[in-house]
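One file, model16.pdb, is given below (PDB, C-alpha atoms, pLDDT in the B column).
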ATOM      1  CA  LEU A   1      34.756 -77.284   8.590  1.00 82.00           C
ATOM      2  CA  GLY A   2      34.717 -75.527  11.941  1.00 87.00           C
ATOM      3  CA  LEU A   3      36.177 -74.676  15.295  1.00 89.00           C
ATOM      4  CA  PHE A   4      34.551 -74.830  18.693  1.00 89.00           C
ATOM      5  CA  ALA A   5      35.355 -73.777  22.225  1.00 91.00           C
ATOM      6  CA  GLU A   6      33.892 -75.472  25.288  1.00 91.00           C
ATOM      7  CA  LEU A   7      33.386 -72.914  28.061  1.00 92.00           C
ATOM      8  CA  PHE A   8      32.382 -73.032  31.736  1.00 88.00           C
ATOM      9  CA  GLU A   9      33.150 -76.751  32.068  1.00 80.00           C
ATOM     10  CA  LEU A  10      31.339 -77.949  35.170  1.00 89.00           C
ATOM     11  CA  PRO A  11      31.054 -81.650  36.161  1.00 87.00           C
ATOM     12  CA  TYR A  12      27.952 -82.319  33.994  1.00 93.00           C
ATOM     13  CA  PHE A  13      27.409 -79.096  32.088  1.00 94.00           C
ATOM     14  CA  SER A  14      29.227 -76.777  29.660  1.00 95.00           C
ATOM     15  CA  ILE A  15      28.544 -74.229  26.925  1.00 96.00           C
ATOM     16  CA  ILE A  16      29.895 -74.736  23.404  1.00 94.00           C
ATOM     17  CA  MET A  17      30.559 -71.844  21.029  1.00 96.00           C
ATOM     18  CA  ASN A  18      30.979 -72.928  17.412  1.00 93.00           C
ATOM     19  CA  LEU A  19      32.130 -71.120  14.248  1.00 96.00           C
ATOM     20  CA  SER A  20      31.955 -73.142  11.028  1.00 93.00           C
ATOM     21  CA  TYR A  21      31.652 -73.096   7.253  1.00 93.00           C
ATOM     22  CA  ASN A  22      28.551 -74.933   5.950  1.00 88.00           C
ATOM     23  CA  GLN A  23      27.237 -75.707   2.493  1.00 85.00           C
ATOM     24  CA  LYS A  24      23.555 -76.197   1.817  1.00 81.00           C
ATOM     25  CA  GLY A  25      21.802 -76.772  -1.452  1.00 77.00           C
ATOM     26  CA  MET A  26      20.158 -79.203  -3.782  1.00 74.00           C
ATOM     27  CA  ILE A  27      20.534 -80.955  -7.118  1.00 73.00           C
ATOM     28  CA  ASP A  28      17.454 -81.748  -9.224  1.00 70.00           C
ATOM     29  CA  ASN A  29      17.506 -84.170 -12.156  1.00 72.00           C
ATOM     30  CA  MET A  30      14.433 -83.689 -14.355  1.00 68.00           C
ATOM     31  CA  ILE A  31      13.158 -84.986 -17.668  1.00 70.00           C
ATOM     32  CA  VAL A  32      12.136 -82.052 -19.860  1.00 65.00           C
ATOM     33  CA  THR A  33      10.241 -82.327 -23.145  1.00 64.00           C
ATOM     34  CA  TYR A  34      10.343 -79.426 -25.572  1.00 62.00           C
ATOM     35  CA  ILE A  35       9.576 -78.747 -29.218  1.00 61.00           C
ATOM     36  CA  ASP A  36      12.645 -79.271 -31.354  1.00 63.00           C
ATOM     37  CA  THR A  37      13.362 -78.009 -34.861  1.00 63.00           C
ATOM     38  CA  THR A  38      14.158 -81.511 -36.117  1.00 64.00           C
ATOM     39  CA  PRO A  39      11.671 -83.515 -38.242  1.00 68.00           C
ATOM     40  CA  MET A  40      10.912 -85.609 -35.100  1.00 65.00           C
ATOM     41  CA  GLY A  41       9.079 -82.673 -33.487  1.00 64.00           C
ATOM     42  CA  TYR A  42       9.540 -83.313 -29.747  1.00 68.00           C
ATOM     43  CA  SER A  43      12.676 -84.110 -27.792  1.00 67.00           C
ATOM     44  CA  SER A  44      13.126 -85.275 -24.211  1.00 67.00           C
ATOM     45  CA  HIS A  45      16.300 -84.644 -22.266  1.00 66.00           C
ATOM     46  CA  THR A  46      17.403 -85.193 -18.716  1.00 70.00           C
ATOM     47  CA  VAL A  47      18.429 -81.878 -17.225  1.00 67.00           C
ATOM     48  CA  LYS A  48      20.246 -81.068 -14.021  1.00 70.00           C
ATOM     49  CA  LEU A  49      19.901 -78.002 -11.788  1.00 71.00           C
ATOM     50  CA  ASP A  50      22.568 -77.513  -9.135  1.00 73.00           C
ATOM     51  CA  ARG A  51      22.202 -74.848  -6.422  1.00 76.00           C
ATOM     52  CA  ARG A  52      24.707 -74.336  -3.606  1.00 82.00           C
ATOM     53  CA  PHE A  53      24.654 -71.840  -0.732  1.00 85.00           C
ATOM     54  CA  ASP A  54      27.726 -71.188   1.432  1.00 90.00           C
ATOM     55  CA  TYR A  55      27.207 -70.056   5.028  1.00 92.00           C
ATOM     56  CA  LEU A  56      29.270 -68.885   7.968  1.00 96.00           C
ATOM     57  CA  THR A  57      27.535 -70.501  10.952  1.00 95.00           C
ATOM     58  CA  ILE A  58      27.722 -69.239  14.522  1.00 97.00           C
ATOM     59  CA  SER A  59      26.123 -71.432  17.176  1.00 96.00           C
ATOM     60  CA  THR A  60      25.843 -71.587  20.943  1.00 97.00           C
ATOM     61  CA  ASN A  61      24.882 -74.887  22.577  1.00 97.00           C
ATOM     62  CA  ILE A  62      24.335 -76.156  26.102  1.00 97.00           C
ATOM     63  CA  LYS A  63      26.007 -79.540  26.602  1.00 96.00           C
ATOM     64  CA  THR A  64      24.988 -82.014  29.312  1.00 97.00           C
ATOM     65  CA  ARG A  65      27.316 -84.998  29.750  1.00 95.00           C
ATOM     66  CA  TYR A  66      27.897 -88.027  31.930  1.00 95.00           C
ATOM     67  CA  GLU A  67      31.551 -88.877  32.679  1.00 91.00           C
ATOM     68  CA  LEU A  68      32.643 -92.538  32.592  1.00 92.00           C
ATOM     69  CA  ASN A  69      36.182 -93.984  32.691  1.00 90.00           C
ATOM     70  CA  ASN A  70      37.178 -93.860  29.022  1.00 92.00           C
ATOM     71  CA  PHE A  71      34.237 -92.120  27.405  1.00 93.00           C
ATOM     72  CA  SER A  72      31.623 -89.482  28.019  1.00 95.00           C
ATOM     73  CA  PRO A  73      28.188 -89.552  26.310  1.00 97.00           C
ATOM     74  CA  TYR A  74      26.362 -86.214  25.982  1.00 97.00           C
ATOM     75  CA  ILE A  75      23.398 -84.340  24.557  1.00 98.00           C
ATOM     76  CA  LEU A  76      23.405 -80.752  23.369  1.00 96.00           C
ATOM     77  CA  THR A  77      20.910 -78.156  22.280  1.00 98.00           C
ATOM     78  CA  GLY A  78      21.054 -74.504  21.315  1.00 98.00           C
ATOM     79  CA  PHE A  79      20.666 -71.817  18.694  1.00 97.00           C
ATOM     80  CA  ARG A  80      22.371 -71.261  15.357  1.00 96.00           C
ATOM     81  CA  TYR A  81      22.727 -68.260  13.032  1.00 96.00           C
ATOM     82  CA  ASP A  82      23.741 -68.846   9.390  1.00 94.00           C
ATOM     83  CA  ILE A  83      25.169 -65.892   7.452  1.00 94.00           C
ATOM     84  CA  LEU A  84      24.885 -66.318   3.664  1.00 91.00           C
ATOM     85  CA  MET A  85      28.346 -65.721   2.156  1.00 92.00           C
ATOM     86  CA  GLU A  86      27.863 -66.896  -1.428  1.00 88.00           C
ATOM     87  CA  LYS A  87      25.400 -68.677  -3.666  1.00 84.00           C
ATOM     88  CA  LYS A  88      26.211 -70.623  -6.789  1.00 79.00           C
ATOM     89  CA  ILE A  89      23.272 -71.147  -9.102  1.00 73.00           C
ATOM     90  CA  GLU A  90      23.894 -73.322 -12.111  1.00 66.00           C
ATOM     91  CA  LYS A  91      21.658 -72.806 -15.096  1.00 58.00           C
ATOM     92  CA  LEU A  92      19.340 -75.578 -16.192  1.00 55.00           C
ATOM     93  CA  TYR A  93      21.061 -77.490 -18.965  1.00 51.00           C
ATOM     94  CA  SER A  94      20.575 -80.650 -21.000  1.00 48.00           C
ATOM     95  CA  GLY A  95      22.839 -83.672 -21.202  1.00 49.00           C
ATOM     96  CA  SER A  96      24.279 -82.189 -24.397  1.00 48.00           C
ATOM     97  CA  GLY A  97      25.343 -79.095 -22.440  1.00 47.00           C
ATOM     98  CA  LEU A  98      22.989 -76.675 -24.195  1.00 45.00           C
ATOM     99  CA  ASN A  99      21.459 -74.027 -21.966  1.00 49.00           C
ATOM    100  CA  LYS A 100      17.670 -74.242 -22.042  1.00 43.00           C
ATOM    101  CA  VAL A 101      16.394 -72.142 -19.148  1.00 48.00           C
ATOM    102  CA  GLY A 102      18.101 -69.747 -16.777  1.00 47.00           C
ATOM    103  CA  LEU A 103      16.632 -69.574 -13.291  1.00 55.00           C
ATOM    104  CA  ASP A 104      19.103 -67.051 -11.874  1.00 56.00           C
ATOM    105  CA  ALA A 105      16.439 -64.360 -11.429  1.00 60.00           C
ATOM    106  CA  PHE A 106      14.254 -66.712  -9.367  1.00 61.00           C
ATOM    107  CA  TRP A 107      17.097 -67.640  -6.977  1.00 67.00           C
ATOM    108  CA  GLU A 108      18.215 -64.006  -6.623  1.00 67.00           C
ATOM    109  CA  LYS A 109      15.419 -63.696  -4.043  1.00 66.00           C
ATOM    110  CA  TYR A 110      17.248 -66.227  -1.839  1.00 69.00           C
ATOM    111  CA  LYS A 111      19.108 -63.611   0.183  1.00 67.00           C
ATOM    112  CA  GLY A 112      18.291 -64.437   3.758  1.00 76.00           C
ATOM    113  CA  ASN A 113      20.457 -65.223   6.714  1.00 88.00           C
ATOM    114  CA  LEU A 114      18.939 -68.036   8.734  1.00 90.00           C
ATOM    115  CA  PHE A 115      18.173 -68.535  12.425  1.00 94.00           C
ATOM    116  CA  GLY A 116      17.645 -72.047  13.757  1.00 95.00           C
ATOM    117  CA  LEU A 117      17.685 -74.633  16.503  1.00 97.00           C
ATOM    118  CA  THR A 118      20.228 -77.404  17.078  1.00 96.00           C
ATOM    119  CA  LEU A 119      19.720 -80.738  18.833  1.00 98.00           C
ATOM    120  CA  GLY A 120      22.391 -83.413  19.049  1.00 97.00           C
ATOM    121  CA  VAL A 121      23.942 -86.411  20.760  1.00 98.00           C
ATOM    122  CA  GLY A 122      27.564 -87.434  20.922  1.00 97.00           C
ATOM    123  CA  ILE A 123      30.323 -89.281  22.649  1.00 97.00           C
ATOM    124  CA  GLU A 124      33.827 -88.223  23.626  1.00 95.00           C
ATOM    125  CA  ILE A 125      36.263 -91.160  23.606  1.00 95.00           C
ATOM    126  CA  LYS A 126      39.404 -90.775  25.724  1.00 91.00           C
ATOM    127  CA  ASN A 127      42.704 -92.700  25.848  1.00 86.00           C
ATOM    128  CA  LEU A 128      42.647 -94.108  22.288  1.00 84.00           C
ATOM    129  CA  ILE A 129      45.111 -91.520  21.015  1.00 87.00           C
ATOM    130  CA  LYS A 130      46.818 -88.470  22.513  1.00 88.00           C
ATOM    131  CA  PHE A 131      43.681 -86.280  22.134  1.00 90.00           C
ATOM    132  CA  PRO A 132      40.044 -87.216  22.881  1.00 91.00           C
ATOM    133  CA  ILE A 133      38.012 -88.234  19.800  1.00 95.00           C
ATOM    134  CA  ILE A 134      34.540 -86.760  19.348  1.00 94.00           C
ATOM    135  CA  LEU A 135      31.704 -88.471  17.426  1.00 96.00           C
ATOM    136  CA  GLU A 136      28.552 -86.389  17.152  1.00 96.00           C
ATOM    137  CA  TRP A 137      25.200 -86.361  15.349  1.00 97.00           C
ATOM    138  CA  ILE A 138      23.428 -82.981  15.028  1.00 95.00           C
ATOM    139  CA  TYR A 139      19.919 -82.166  13.767  1.00 96.00           C
ATOM    140  CA  ASN A 140      19.446 -78.574  12.562  1.00 93.00           C
ATOM    141  CA  HIS A 141      15.996 -77.050  12.140  1.00 93.00           C
ATOM    142  CA  ASP A 142      15.712 -73.572  10.627  1.00 90.00           C
ATOM    143  CA  LEU A 143      13.172 -71.285  12.255  1.00 91.00           C
ATOM    144  CA  SER A 144      13.627 -68.763   9.431  1.00 85.00           C
ATOM    145  CA  LYS A 145      11.750 -69.360   6.197  1.00 78.00           C
ATOM    146  CA  VAL A 146      13.025 -67.895   2.956  1.00 73.00           C
ATOM    147  CA  LYS A 147      10.100 -66.586   0.890  1.00 68.00           C
ATOM    148  CA  MET A 148      10.912 -67.204  -2.757  1.00 68.00           C
ATOM    149  CA  HIS A 149       7.509 -66.539  -4.258  1.00 69.00           C
ATOM    150  CA  GLU A 150       3.980 -65.998  -2.957  1.00 74.00           C
ATOM    151  CA  ASN A 151       3.463 -69.783  -3.126  1.00 76.00           C
ATOM    152  CA  LEU A 152       6.960 -70.993  -2.187  1.00 73.00           C
ATOM    153  CA  GLU A 153       8.817 -70.835   1.120  1.00 76.00           C
ATOM    154  CA  ILE A 154      11.984 -72.784   1.862  1.00 76.00           C
ATOM    155  CA  GLN A 155      12.802 -74.085   5.327  1.00 78.00           C
ATOM    156  CA  ASN A 156      15.993 -76.116   5.784  1.00 82.00           C
ATOM    157  CA  LEU A 157      16.184 -79.281   7.873  1.00 85.00           C
ATOM    158  CA  SER A 158      19.583 -80.957   7.978  1.00 87.00           C
ATOM    159  CA  ASN A 159      21.587 -83.652   9.715  1.00 91.00           C
ATOM    160  CA  GLU A 160      25.321 -83.511  10.422  1.00 90.00           C
ATOM    161  CA  LEU A 161      27.696 -86.270  11.400  1.00 92.00           C
ATOM    162  CA  LYS A 162      30.811 -84.822  13.030  1.00 90.00           C
ATOM    163  CA  ILE A 163      34.106 -86.493  13.798  1.00 91.00           C
ATOM    164  CA  GLY A 164      36.810 -84.465  15.505  1.00 88.00           C
ATOM    165  CA  LEU A 165      39.647 -84.113  17.976  1.00 86.00           C
ATOM    166  CA  LYS A 166      39.464 -82.159  21.208  1.00 83.00           C
ATOM    167  CA  PHE A 167      42.579 -80.141  22.112  1.00 81.00           C
TER     168      PHE A 167
END

Turn the structure described in the file into structure tokens.
Amino acid sequence: LGLFAELFELPYFSIIMNLSYNQKGMIDNMIVTYIDTTPMGYSSHTVKLDRRFDYLTISTNIKTRYELNNFSPYILTGFRYDILMEKKIEKLYSGSGLNKVGLDAFWEKYKGNLFGLTLGVGIEIKNLIKFPIILEWIYNHDLSKVKMHENLEIQNLSNELKIGLKF
């Protein structure tokens, strides 16, 4: 969810300022075997770990476009800064709902705000409805790496498909 403003609109060039809410994260489904207290000895369960990080994203992009009659294709590139607002770390649990392992302490180290690059292509379609429709694909590449452990760094790469109206 976000808002953008297109500034300094020249015939083929403009600057886009963007403020948006983004969610990043991951879900892992794993099979875990552990020693059980039943006569069977070992048990295997599928467990799920859900981690979600909420960001306020501020980005500035340079947009180059080519104007045609009813549509305008464009490319854009720029910089992005993600400010971590909240993280939701779900404990590792089995299909029966029993907590087995808590990884909260590990993910507490994930504190960083992120700086990254943006590259995208899009098209602005005019005259279909009252406002122009925007279809856009964006590739985000974080330059910041979050160091979780001496042997683990996380670097986000993401794709966005945007559909919007231009007022």

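The space between atom CA of A:Ile83 and atom CA of A:Lys166 spans 25.7 Å.
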
**Study point:** Explicit residue set for the PyMOL selection byres ((chain A and resi 86) around 6), as number ranges by chain
**Key:** A: 53-54, 84-85, 87

Point to revise | Computed interatomic separation between atom CA of A:Ser72 and atom CA of A:Asn140 (Å) | key: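 Between atom CA of A:Ser72 and atom CA of A:Asn140 the gap is 22.5 Å.
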
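Among the candidate residues A:Lys24, A:His141, A:Lys130, A:Arg80, the one lying nearest to A:Arg52 is A:Lys24, with distances computed using all atoms listed in the file.
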
Revision key, fill the gap. Using all atoms listed in the file, the shortest atom-to-atom distance to A:Val121 among A:Ile27, A:Ile58, A:Ile75, A:Leu3 belongs to A:Ile75

Check your understanding: Within 12 Å of (32.2, -79.7, 35.9), all atoms listed in the file: residues as a list in words?
Key ->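 Using all atoms listed in the file, the matching residues come out as Glu6, Leu7, Phe8, Glu9, Leu10, Pro11, Tyr12, Phe13, Ser14, Ile15, Lys63, Thr64, Arg65, Tyr66 and Glu67 of chain A.
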
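Reported to one decimal place, the separation of atom CA of A:Lys162 from atom CA of A:Trp137 is 6.3 Å.
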
Point to revise | Nearest candidate to A:Leu49 (options A:Asn156, A:Lys88, A:Leu161, A:Tyr74; using all atoms listed in the file) | key: A:Lys88

Check your understanding: Which residue gives the smallest distance to A:Phe167 among A:Leu76, A:Leu68, A:Ile129, A:Leu119, with all atoms listed in the file counted?
Key ->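 Among A:Leu76, A:Leu68, A:Ile129, A:Leu119, it is A:Ile129 that comes nearest to A:Phe167.
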
Check your understanding: Can you list what the PyMOL selection byres ((chain A and resi 142) around 8) grabs from this structure, as a VMD selection string?
Key -> chain A and resid 114 to 117 140 to 141 143 to 145 155 to 157

Exercise for review: Counting all atoms listed in the file, figure out which residue out of A:Met17, A:Ile134, A:Ile125, A:Ile89 gets nearest to A:Asn70.
Suggested key: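 The answer is A:Ile125, which sits nearest to A:Asn70.
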
**Study point:** the PyMOL selection byres ((chain A and resi 22) around 9) resolved against shown file, as a PyMOL selection string
**Key:** chain A and resi 1-2+20-21+23-24+53-57+82

Write a file of the just-selected residues containing C-alpha atoms, as a PDB file, in the frame of the given file.
ATOM      1  CA  LEU A   1      34.756 -77.284   8.590  1.00 82.00           C
ATOM      2  CA  GLY A   2      34.717 -75.527  11.941  1.00 87.00           C
ATOM      3  CA  SER A  20      31.955 -73.142  11.028  1.00 93.00           C
ATOM      4  CA  TYR A  21      31.652 -73.096   7.253  1.00 93.00           C
ATOM      5  CA  GLN A  23      27.237 -75.707   2.493  1.00 85.00           C
ATOM      6  CA  LYS A  24      23.555 -76.197   1.817  1.00 81.00           C
ATOM      7  CA  PHE A  53      24.654 -71.840  -0.732  1.00 85.00           C
ATOM      8  CA  ASP A  54      27.726 -71.188   1.432  1.00 90.00           C
ATOM      9  CA  TYR A  55      27.207 -70.056   5.028  1.00 92.00           C
ATOM     10  CA  LEU A  56      29.270 -68.885   7.968  1.00 96.00           C
ATOM     11  CA  THR A  57      27.535 -70.501  10.952  1.00 95.00           C
ATOM     12  CA  ASP A  82      23.741 -68.846   9.390  1.00 94.00           C
TER      13      ASP A  82
END
